[in-house]
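Data block for start_1.cif (mmCIF, C-alpha atoms and all ligand atoms):
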```cif
data_structure
loop_
_atom_site.label_atom_id
_atom_site.label_comp_id
_atom_site.auth_asym_id
_atom_site.auth_seq_id
_atom_site.Cartn_x
_atom_site.Cartn_y
_atom_site.Cartn_z
CA MET Z 146 85.36 78.73 108.26
CA CYS Z 147 88.71 80.43 108.93
CA LEU Z 148 89.54 77.87 111.62
CA ALA Z 149 88.80 75.01 109.24
CA THR Z 150 91.32 76.40 106.74
CA GLY Z 151 94.08 76.35 109.38
CA ILE Z 152 94.22 80.00 110.47
CA ASN Z 153 95.49 80.63 114.00
CA VAL Z 154 92.64 81.24 116.44
CA ASP Z 155 94.27 84.54 117.49
CA ASP Z 156 93.94 85.72 113.90
CA VAL Z 157 90.17 85.36 113.83
CA ASP Z 158 88.02 88.23 115.03
CA PRO Z 159 85.76 86.58 117.66
CA THR Z 160 82.87 88.92 116.92
CA ASP Z 161 82.40 88.04 113.25
CA GLY Z 162 84.97 85.40 112.32
CA TYR Z 163 86.85 87.86 110.06
CA ASN Z 164 90.43 86.81 109.24
CA ILE Z 165 92.63 89.47 110.89
CA SER Z 166 96.04 87.83 110.39
CA ARG Z 167 99.02 89.87 109.22
CA ARG Z 168 98.75 88.01 105.93
CA ALA Z 169 95.13 89.07 105.48
CA TYR Z 170 96.13 92.64 106.36
CA GLU Z 171 98.95 92.70 103.80
CA SER Z 172 96.74 91.20 101.15
CA SER Z 173 93.93 93.69 101.76
CA ARG Z 174 96.40 96.58 101.70
CA ARG Z 175 98.01 95.31 98.51
CA SER Z 176 94.68 95.00 96.72
CA TRP Z 177 93.83 98.64 97.57
CA VAL Z 178 97.23 99.98 96.53
CA ASP Z 179 96.93 98.03 93.25
CA HIS Z 180 93.46 99.40 92.71
CA MET Z 181 94.64 102.97 93.28
CA ARG Z 182 97.68 102.43 91.06
CA TRP Z 183 95.36 102.39 88.06
CA ASP Z 184 92.24 104.22 89.25
CA GLY Z 185 93.58 106.87 91.59
CA LEU Z 186 91.36 108.20 94.30
CA SER Z 187 87.89 109.62 93.78
CA TYR Z 188 85.74 111.40 96.34
CA PHE Z 189 82.59 109.54 95.61
CA TYR Z 190 83.79 106.00 94.97
CA VAL Z 191 87.31 104.96 95.94
CA ARG Z 192 87.84 107.23 98.93
CA PRO Z 193 84.72 106.29 100.95
CA HIS Z 194 85.34 102.57 100.44
CA LEU Z 195 89.01 102.86 101.28
CA GLU Z 196 88.17 104.81 104.44
CA LYS Z 197 85.78 102.07 105.53
CA VAL Z 198 88.37 99.33 105.08
CA VAL Z 199 91.08 101.35 106.85
CA ALA Z 200 88.67 102.09 109.73
CA SER Z 201 87.87 98.42 110.02
CA TRP Z 202 91.57 97.45 110.29
CA THR Z 203 92.19 100.31 112.72
CA ARG Z 204 89.49 98.88 114.96
CA ARG Z 205 90.51 95.22 114.61
CA ARG Z 206 94.31 95.44 114.45
CA PRO Z 207 95.49 98.94 115.45
CA GLN Z 208 99.07 97.71 115.94
CA LEU Z 209 99.29 96.54 112.30
CA ILE Z 210 98.01 99.71 110.68
CA GLU Z 211 99.64 102.27 112.96
CA GLY Z 212 101.77 104.62 110.85
CA ASP Z 213 100.83 102.77 107.66
CA ASP Z 214 99.07 105.22 105.33
CA TRP Z 215 97.29 103.21 102.63
CA ALA Z 216 96.07 106.29 100.76
CA ALA Z 217 99.59 107.75 100.58
CA ALA Z 218 101.01 104.43 99.36
CA GLY Z 219 98.25 104.23 96.72
CA ALA Z 220 98.83 107.84 95.64
CA SER Z 221 102.57 107.25 95.08
CA ALA Z 222 101.84 104.04 93.17
CA HIS Z 223 99.31 105.94 91.02
CA LEU Z 224 101.63 108.84 90.22
CA GLU Z 225 104.51 106.51 89.47
CA TYR Z 226 102.40 104.31 87.20
CA TRP Z 227 100.96 107.20 85.21
CA GLN Z 228 104.30 108.97 84.91
CA GLU Z 229 105.37 105.94 82.91
CA HIS Z 230 102.11 105.77 80.92
CA GLY Z 231 101.48 109.25 79.59
CA GLY Z 232 101.43 111.42 82.69
CA ARG Z 233 97.75 111.61 83.45
CA CYS Z 234 95.25 108.91 84.30
CA ARG Z 235 92.02 108.52 82.36
CA SER Z 236 89.75 109.01 85.31
CA ASP Z 237 87.95 112.37 85.22
CA ASP Z 238 87.42 112.50 88.97
CA CYS Z 239 90.89 111.60 90.17
CA LEU Z 240 91.82 113.64 93.22
CA ILE Z 241 95.48 112.83 92.81
CA HIS Z 242 95.60 114.46 89.39
CA ASP Z 243 93.40 117.42 90.24
CA ALA Z 244 96.17 119.88 90.87
CA GLY Z 245 94.27 122.97 89.81
CA ARG Z 246 90.93 124.51 90.58
CA LEU Z 247 87.70 122.78 89.74
CA ARG Z 248 84.24 124.01 89.06
CA PHE Z 249 81.37 121.72 89.99
CA GLU Z 250 78.09 121.85 88.23
CA ALA Z 251 74.98 120.02 89.33
CA GLY Z 252 72.00 120.05 87.01
CA TYR Z 253 68.36 120.09 88.08
CA ALA Z 254 65.53 119.49 85.63
CA SER Z 255 63.31 122.52 85.09
CA GLY Z 256 60.81 121.96 82.30
CA ASP Z 257 62.81 121.49 79.12
CA ARG Z 258 65.66 123.64 80.41
CA GLU Z 259 67.84 123.14 83.41
CA ARG Z 260 68.78 124.92 86.59
CA VAL Z 261 72.45 124.65 87.44
CA ALA Z 262 74.02 124.71 90.88
CA ALA Z 263 77.70 125.60 90.61
CA TRP Z 264 80.58 125.85 93.02
CA THR Z 265 84.30 126.43 92.44
CA VAL Z 266 86.69 124.82 94.90
CA GLY Z 267 87.76 127.32 97.52
CA GLU Z 268 84.86 129.73 97.01
CA ALA Z 269 82.56 130.69 99.86
CA HIS Z 270 79.26 130.27 98.01
CA ALA Z 271 77.59 127.95 95.54
CA THR Z 272 75.05 129.54 93.27
CA LEU Z 273 71.92 128.31 91.58
CA THR Z 274 71.23 129.67 88.12
CA GLY Z 275 67.72 129.53 86.74
CA PRO Z 276 66.71 128.37 83.25
CA HIS Z 277 67.21 131.86 81.84
CA GLY Z 278 70.75 132.21 83.14
CA ARG Z 279 69.87 134.45 86.07
CA GLU Z 280 71.18 133.72 89.53
CA ALA Z 281 68.23 132.49 91.56
CA ASP Z 282 69.80 131.58 94.88
CA SER Z 283 73.07 130.99 96.66
CA VAL Z 284 74.22 128.98 99.64
CA ALA Z 285 77.28 129.39 101.87
CA ILE Z 286 79.82 126.57 101.60
CA PRO Z 287 81.80 126.00 104.82
CA ALA Z 288 85.43 127.22 104.69
CA GLY Z 289 87.83 124.46 103.69
CA ALA Z 290 84.98 122.27 102.41
CA ASP Z 291 85.88 119.32 100.26
CA GLU Z 292 83.83 118.19 97.31
CA TYR Z 293 81.70 115.86 99.34
CA THR Z 294 80.75 118.56 101.86
CA ALA Z 295 79.97 120.97 99.05
CA LEU Z 296 77.78 118.44 97.28
CA CYS Z 297 75.89 117.68 100.52
CA THR Z 298 75.37 121.41 101.10
CA ILE Z 299 74.06 121.83 97.56
CA MET Z 300 71.68 118.88 97.92
CA ASP Z 301 70.46 120.04 101.34
CA ARG Z 302 69.61 123.39 99.82
CA TRP Z 303 68.27 122.51 96.39
CA GLY Z 304 67.31 118.86 96.63
CA GLU Z 305 68.79 115.52 95.72
CA ASP Z 306 67.20 115.08 92.29
CA LEU Z 307 70.32 115.86 90.31
CA THR Z 308 70.19 115.11 86.62
CA ARG Z 309 73.95 115.36 86.25
CA TRP Z 310 77.09 116.27 88.13
CA SER Z 311 80.26 117.39 86.39
CA ARG Z 312 83.71 118.47 87.46
CA ILE Z 313 85.32 121.00 85.15
CA PRO Z 314 89.02 121.82 85.50
CA GLN Z 315 89.65 125.58 85.65
CA GLU Z 316 92.48 127.43 84.04
CA PRO Z 317 94.94 128.83 86.59
CA GLU Z 318 93.78 132.20 87.83
CA HIS Z 319 94.90 135.15 85.78
CA GLN Z 320 97.75 136.93 87.53
CA PRO Z 321 97.62 140.63 86.72
CA ALA Z 322 100.93 142.01 85.51
CA ALA Z 323 102.53 144.92 87.39
CA GLY Z 324 100.49 148.06 86.91
CA GLU Z 325 97.47 146.20 85.58
CA ALA Z 326 94.30 146.55 87.60
CA PRO Z 327 92.92 143.26 88.86
CA GLN Z 328 89.50 142.50 87.43
CA SER Z 329 87.96 141.73 90.78
CA ALA Z 330 89.62 142.30 94.12
CA PRO Z 331 90.06 139.28 96.35
CA GLY Z 332 87.78 139.52 99.35
CA ASP Z 333 84.86 140.99 97.41
CA ALA Z 334 81.67 140.53 99.33
CA PRO Z 335 79.82 137.41 98.23
CA PRO Z 336 76.55 138.04 96.41
CA ALA Z 337 73.63 138.42 98.76
CA PRO Z 338 71.20 135.50 98.65
CA SER Z 339 68.33 136.28 96.36
CA ASP Z 340 65.07 137.11 98.04
CA THR Z 341 63.27 134.82 95.62
CA ALA Z 342 65.04 131.82 97.15
CA ASP Z 343 62.29 130.62 99.43
CA ARG Z 344 59.71 130.76 96.69
CA LEU Z 345 61.61 128.42 94.42
CA PHE Z 346 61.22 125.25 96.46
ZN ZN Z 401 94.87 110.11 88.54
#
```
Once you've parsed the file, please lay out its structure as structure tokens.
Amino acid sequence: MCLATGINVDDVDPTDGYNISRRAYESSRRSWVDHMRWDGLSYFYVRPHLEKVVASWTRRRPQLIEGDDWAAAGASAHLEYWQEHGGRCRSDDCLIHDAGRLRFEAGYASGDRERVAAWTVGEAHATLTGPHGREADSVAIPAGADEYTALCTIMDRWGEDLTRWSRIPQEPEHQPAAGEAPQSAPGDAPPAPSDTADRLF
């Protein structure tokens, strides 16, 4: 197919006939940067797809993509575009605009109420709260985890039947003024996992 449209035989991947010319590379890159210009970068949609395309080019044409960071180019295009159009994009899961802390909440059906698994970026544990607001279980989140890792950890522990998943921006942490006692010292021991945990599931 590519050969019939006049593409150089060196620009066709022999394994699957994919067009790997510089022109195809530039066009693929441009379409992703344009996409990110408007949409930004999200953990669960844009980022995984972008990573797949970049990995594919890295495998097929490493010399073209070396030193060429598509995500960085897309992020600058996104920030530049939205600076001119109100400052903040309309996507509620845009990683580029998530400067502050985020709390994640995953809902699980529980009769006519809901159990909620929650994690705040940077914290060592996610907790599961039962229908009556009591903490029912907790799970350690690996240090430095991103949202995807945290979500996988939550689903490994409490199941994949989420009814909802929200990301809630957090106010910057309260900085105690001089002489004011902090409300909770950093480095407090995480809550011990509840001993009811294994009976819940
Ligand atoms: Zn954004």
Within 12 Å of ligand ZN 401 (chain Z): each chain Z residue with its shortest pair, only C-alpha atoms and all ligand atoms, as JSON lines:
```
{"residue": "Z:His180", "atom": "CA", "partner": "Z:ZN401", "partner_atom": "ZN", "distance": 11.6}
{"residue": "Z:Met181", "atom": "CA", "partner": "Z:ZN401", "partner_atom": "ZN", "distance": 8.6}
{"residue": "Z:Arg182", "atom": "CA", "partner": "Z:ZN401", "partner_atom": "ZN", "distance": 8.6}
{"residue": "Z:Trp183", "atom": "CA", "partner": "Z:ZN401", "partner_atom": "ZN", "distance": 7.8}
{"residue": "Z:Asp184", "atom": "CA", "partner": "Z:ZN401", "partner_atom": "ZN", "distance": 6.5}
{"residue": "Z:Gly185", "atom": "CA", "partner": "Z:ZN401", "partner_atom": "ZN", "distance": 4.6}
{"residue": "Z:Leu186", "atom": "CA", "partner": "Z:ZN401", "partner_atom": "ZN", "distance": 7.0}
{"residue": "Z:Ser187", "atom": "CA", "partner": "Z:ZN401", "partner_atom": "ZN", "distance": 8.7}
{"residue": "Z:Val191", "atom": "CA", "partner": "Z:ZN401", "partner_atom": "ZN", "distance": 11.8}
{"residue": "Z:Gly219", "atom": "CA", "partner": "Z:ZN401", "partner_atom": "ZN", "distance": 10.6}
{"residue": "Z:Ala220", "atom": "CA", "partner": "Z:ZN401", "partner_atom": "ZN", "distance": 8.4}
{"residue": "Z:Ser221", "atom": "CA", "partner": "Z:ZN401", "partner_atom": "ZN", "distance": 10.5}
{"residue": "Z:Ala222", "atom": "CA", "partner": "Z:ZN401", "partner_atom": "ZN", "distance": 10.3}
{"residue": "Z:His223", "atom": "CA", "partner": "Z:ZN401", "partner_atom": "ZN", "distance": 6.6}
{"residue": "Z:Leu224", "atom": "CA", "partner": "Z:ZN401", "partner_atom": "ZN", "distance": 7.1}
{"residue": "Z:Glu225", "atom": "CA", "partner": "Z:ZN401", "partner_atom": "ZN", "distance": 10.3}
{"residue": "Z:Tyr226", "atom": "CA", "partner": "Z:ZN401", "partner_atom": "ZN", "distance": 9.6}
{"residue": "Z:Trp227", "atom": "CA", "partner": "Z:ZN401", "partner_atom": "ZN", "distance": 7.5}
{"residue": "Z:Gln228", "atom": "CA", "partner": "Z:ZN401", "partner_atom": "ZN", "distance": 10.2}
{"residue": "Z:His230", "atom": "CA", "partner": "Z:ZN401", "partner_atom": "ZN", "distance": 11.4}
{"residue": "Z:Gly231", "atom": "CA", "partner": "Z:ZN401", "partner_atom": "ZN", "distance": 11.2}
{"residue": "Z:Gly232", "atom": "CA", "partner": "Z:ZN401", "partner_atom": "ZN", "distance": 8.9}
{"residue": "Z:Arg233", "atom": "CA", "partner": "Z:ZN401", "partner_atom": "ZN", "distance": 6.0}
{"residue": "Z:Cys234", "atom": "CA", "partner": "Z:ZN401", "partner_atom": "ZN", "distance": 4.4}
{"residue": "Z:Arg235", "atom": "CA", "partner": "Z:ZN401", "partner_atom": "ZN", "distance": 7.0}
{"residue": "Z:Ser236", "atom": "CA", "partner": "Z:ZN401", "partner_atom": "ZN", "distance": 6.2}
{"residue": "Z:Asp237", "atom": "CA", "partner": "Z:ZN401", "partner_atom": "ZN", "distance": 8.0}
{"residue": "Z:Asp238", "atom": "CA", "partner": "Z:ZN401", "partner_atom": "ZN", "distance": 7.8}
{"residue": "Z:Cys239", "atom": "CA", "partner": "Z:ZN401", "partner_atom": "ZN", "distance": 4.6}
{"residue": "Z:Leu240", "atom": "CA", "partner": "Z:ZN401", "partner_atom": "ZN", "distance": 6.6}
{"residue": "Z:Ile241", "atom": "CA", "partner": "Z:ZN401", "partner_atom": "ZN", "distance": 5.1}
{"residue": "Z:His242", "atom": "CA", "partner": "Z:ZN401", "partner_atom": "ZN", "distance": 4.5}
{"residue": "Z:Asp243", "atom": "CA", "partner": "Z:ZN401", "partner_atom": "ZN", "distance": 7.6}
{"residue": "Z:Ala244", "atom": "CA", "partner": "Z:ZN401", "partner_atom": "ZN", "distance": 10.1}
```
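Taking CA of Leu209 in chain Z and CA of Tyr170 in chain Z as the two end points, the separation is 7.8 Å.
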Rank Z:Val154, Z:Gln208, Z:Phe189, Z:Val198 by their smallest atom-to-atom distance to Ser173 in chain Z, using all atoms listed in the file, and report the top residue only.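 Closest to Ser173 in chain Z of all the choices is Z:Val198.
Picture a line from CA of Asp306 in chain Z to CA of Pro287 in chain Z; it runs 22.1 Å.
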Point-to-point distance from CA of Ile152 in chain Z to CA of Val178 in chain Z, Å rounded to tenths: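 Interatomic distance here is 24.5 Å.
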Write out as a PyMOL selection string which residues come within 7 Å of Ala251 in chain Z when counting only C-alpha atoms, dropping same-chain ones fewer than 2 positions away. chain Z and resi 249+253+261-263+307+309-311
So which one's closest to Arg204 in chain Z, Z:Ile165, Z:Ala254, Z:Ala269, Z:Leu296? Using only C-alpha atoms, please. Z:Ile165
Set the distance at 12 Å and use all atoms listed in the file: which residues neighbour Ile210 in chain Z once local chain neighbours fewer than 4 positions away are removed? I'd like the list as a PyMOL selection string. chain Z and resi 165+167+170-171+173-174+198-206+214-215
